[in-house]
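For reference, the structure is listed below as structure tokens.
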Amino acid sequence: MRYLYTHHSKLILVFAAALLAYEPVIWLGTSWFDPSYASSGLIIFLVTAALFLWSVTSPVKNTENQTNNIPYILLLGSAVTRLIGQLLAVNMIGALTLVIDVYAIGKILKIDRRVRSLSPFWLSMAFAFSFPLERVIQRVLGYGLQNLSADGACTILQGTIENVTCEGLRILINNKDVLIDLPCSGARAALLLFFFYTLLSAIIKPNFKQALKGFFITILSAYIVNLIRISVLAIFIGFPHLIFGIDVMSQPTHDVIGLLLLFLGVLPIALWARRALSGKKPQKQLPKKLIQDAWWIDNGKKQPKTPYFAGLFAVIAIAIILIPKNAPDVGRRDIPLELPSVIGDEFATHIPLLDKEKAYFTQFGGSARKAIYGDQTLMIVKTSAPLRHLHAPDDCLRGLGMDVEYRGIEYSSIPTAIYKATDKNGIEYRVAVTFISSKHNHMTTNVSEAVFRWLQDPEEDWTAIQRISHWTTPSFDNDAFDQSLIAALELSKKHINIAQLNGAPNE
């Protein structure tokens, strides 16, 4: 009877944990297959899962007692994390409960006490990289990281070549704008290096001092590799004859350069792991027979009162998932927005937003409108909460099934980020976007700077101005449309001059 009682309690615990994990699992799985995330999370998950299976299929070799309260503490931590995510309506926070669950599963299945042992903590950290973390870095940390990259790249370039001018985040070589945008391949490379670091840590199980040293080596390696990447791309953009006129922004050249430098960044981390592993001393253990017979050693039979804990935890889990989501940073829904009736000589033909466009641009407040002016399509999105839902064009375009390439920055009219989008029929489009603040005359080409400045003044509205034309449309026609758009939107000359001086970066 006592066995059944305890067994049923454990089933209740499993059920309650599954309730808390259900929605995060669905969201995480969706992020792996949704093109708008451009996530490599599934591959990272499979690598982590393979490492877990490699360990759990080996026999347990260490019979020393472990504290049986740890899984219960982790379950409570999982519930608290899920509660915070539910209250803030932030999927990423709610999904962190899965990281805690992986840690708990590793402890329960004793992967740290097997012949092929792993650290449950570091394995759970490796699993966390299956989340779409790149988008978080782009939005929250991107602008600060861009400044660090710009300063470092300027130092390298000015010390190696001539005709280099640095203006804020802009770098010009031979009067050509070159790219400096960390939140693209730079952020992705940094995340991959940290994933490699967590995998190695899961295997070698470093102590705190060793882990801290490895952490700083990984940060330094990621930063140096990114500076080298930016400098190499900048030189080849400024002096294309050095690479026989090859466009380093086009594929596969751009990715090949990134992969080669990523391999360079892996080397210091691998050397750290080798040294940490060689410096570890084997742990001395009591003989198995002595451990089993010794009455003075705690054999782990003392456990929390599982039935009471299971019942309480189930009630908590049900209460958490029933709490309605109410995001505190949702934008206002009463923001007025009207498109110009005429731009240049072309009258507006208003068209409705697609369902996915509505989800991207108005799900959390704000306003969005779209219209056609001759050969140009204009979409304007206005929001008071850019952190929540203001997106770069590549997010929604990939969600619509297009292949998207970032092509850099243009300053001929207003600072503009340029994307090349190719639909399923092979038709190529030029997508240009500029982000403008409502009060402080800020104009930028990326969401990260918009979010950075909005955090300084949360009362300020931001507007995304997106123009779409065919890729083969002459530059003169695109510039003429932009000039007419500036006049139609009554953007001041001061507004544009400040934006060009501050200069949002290229990639």
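Residue numbers start at 1 in each chain; chains themselves are named A, B, ... in the order of the structure tokens; ligands are numbered from 1 in the order shown.
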Please provide as JSON, numbers by chain all residues within 10 Å of A:Glu357, with the sequence filter that same-chain residues fewer than 2 positions apart are discarded (counting only C-alpha atoms). {"A": [352, 353, 354, 355, 359, 360, 361, 362, 363, 368, 396, 397, 399, 400]}
Could you dump the residues just selected with C-alpha atoms as a PDB file, in the first residue's frame?
ATOM      1  CA  PRO A 352      -5.022  45.091 -46.278  1.00  0.00           C
ATOM      2  CA  LEU A 353      -2.328  43.517 -44.148  1.00  0.00           C
ATOM      3  CA  LEU A 354      -1.816  39.772 -44.398  1.00  0.00           C
ATOM      4  CA  ASP A 355      -2.739  37.755 -41.320  1.00  0.00           C
ATOM      5  CA  ALA A 359       0.452  39.171 -36.024  1.00  0.00           C
ATOM      6  CA  TYR A 360       3.947  40.644 -36.408  1.00  0.00           C
ATOM      7  CA  PHE A 361       3.022  44.308 -36.281  1.00  0.00           C
ATOM      8  CA  THR A 362      -0.215  44.757 -34.310  1.00  0.00           C
ATOM      9  CA  GLN A 363      -0.511  41.758 -31.976  1.00  0.00           C
ATOM     10  CA  ALA A 368       0.198  49.379 -39.318  1.00  0.00           C
ATOM     11  CA  CYS A 396       8.363  38.741 -41.289  1.00  0.00           C
ATOM     12  CA  LEU A 397       9.695  38.100 -44.801  1.00  0.00           C
ATOM     13  CA  GLY A 399       7.816  34.026 -42.055  1.00  0.00           C
ATOM     14  CA  LEU A 400       6.145  34.601 -45.434  1.00  0.00           C
TER      15      LEU A 400
END
Taking the chain letters and numbering used in this document, name the residues of stretch 443-494 of chain A that DSSP puts in strand (DSSP E or B), as an NGL selection string. :A and (443-444 or 462-470)
Selection export as an mmCIF file, in the first residue's frame, atoms kept: N, CA, C and O atoms:
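Result file is result21.cif:
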data_model
loop_
_atom_site.group_PDB
_atom_site.id
_atom_site.type_symbol
_atom_site.label_atom_id
_atom_site.label_comp_id
_atom_site.auth_asym_id
_atom_site.auth_seq_id
_atom_site.Cartn_x
_atom_site.Cartn_y
_atom_site.Cartn_z
ATOM 1 N N MET A 443 16.914 58.685 -35.950
ATOM 2 C CA MET A 443 16.616 57.867 -37.119
ATOM 3 C C MET A 443 17.684 56.789 -37.206
ATOM 4 O O MET A 443 18.880 57.081 -37.136
ATOM 5 N N THR A 444 17.273 55.532 -37.338
ATOM 6 C CA THR A 444 18.222 54.429 -37.341
ATOM 7 C C THR A 444 17.773 53.362 -38.331
ATOM 8 O O THR A 444 16.652 53.406 -38.849
ATOM 9 N N TRP A 462 7.761 54.976 -31.803
ATOM 10 C CA TRP A 462 8.708 54.720 -32.891
ATOM 11 C C TRP A 462 7.941 54.286 -34.135
ATOM 12 O O TRP A 462 6.932 53.584 -34.040
ATOM 13 N N THR A 463 8.441 54.675 -35.303
ATOM 14 C CA THR A 463 7.797 54.361 -36.570
ATOM 15 C C THR A 463 8.776 53.637 -37.478
ATOM 16 O O THR A 463 9.921 54.070 -37.640
ATOM 17 N N ALA A 464 8.340 52.521 -38.053
ATOM 18 C CA ALA A 464 9.124 51.795 -39.054
ATOM 19 C C ALA A 464 8.567 52.123 -40.431
ATOM 20 O O ALA A 464 7.370 51.955 -40.681
ATOM 21 N N ILE A 465 9.423 52.618 -41.317
ATOM 22 C CA ILE A 465 9.016 52.967 -42.681
ATOM 23 C C ILE A 465 9.683 51.969 -43.632
ATOM 24 O O ILE A 465 10.915 51.976 -43.791
ATOM 25 N N GLN A 466 8.882 51.124 -44.236
ATOM 26 C CA GLN A 466 9.399 50.041 -45.076
ATOM 27 C C GLN A 466 8.939 50.244 -46.519
ATOM 28 O O GLN A 466 7.757 50.402 -46.785
ATOM 29 N N ARG A 467 9.917 50.250 -47.441
ATOM 30 C CA ARG A 467 9.626 50.426 -48.864
ATOM 31 C C ARG A 467 10.044 49.181 -49.625
ATOM 32 O O ARG A 467 11.136 48.648 -49.393
ATOM 33 N N ILE A 468 9.187 48.745 -50.542
ATOM 34 C CA ILE A 468 9.443 47.517 -51.300
ATOM 35 C C ILE A 468 9.334 47.835 -52.791
ATOM 36 O O ILE A 468 8.353 48.434 -53.240
ATOM 37 N N SER A 469 10.345 47.435 -53.544
ATOM 38 C CA SER A 469 10.329 47.566 -54.999
ATOM 39 C C SER A 469 11.016 46.348 -55.601
ATOM 40 O O SER A 469 11.594 45.530 -54.871
ATOM 41 N N HIS A 470 10.971 46.216 -56.907
ATOM 42 C CA HIS A 470 11.694 45.116 -57.549
ATOM 43 C C HIS A 470 13.194 45.355 -57.432
ATOM 44 O O HIS A 470 13.665 46.503 -57.441
#
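Distance-wise, atom CA of A:Met402 and atom CA of A:Asp423 end up 4.7 Å apart.
Using only C-alpha atoms, the residues found no farther than 7 Å from stretch 24-31 of chain A, other than those of its own chain fewer than 6 positions away, are Tyr37, Ser39, Gly94, Ala95, Phe131 and Pro132 of chain A.
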Shell around A:Ser130 at 9 Å using only C-alpha atoms, local window under 3 positions removed, as a count of residues only: 12
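In this comparison, which uses only C-alpha atoms, the residue of A:Gln86, A:Ser78, A:Thr349, A:Ser201 approaching A:Ala104 most closely is A:Ser78.
Put simply, atom CA of A:Ala276 is 9.7 Å away from atom CA of A:Lys213.
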Could you pull out the residues in stretch 25-108 of chain A that DSSP calls helix (DSSP H, G or I) from the backbone, as a PyMOL selection string? chain A and resi 25-33+35-37+41-56+70-88+91-108
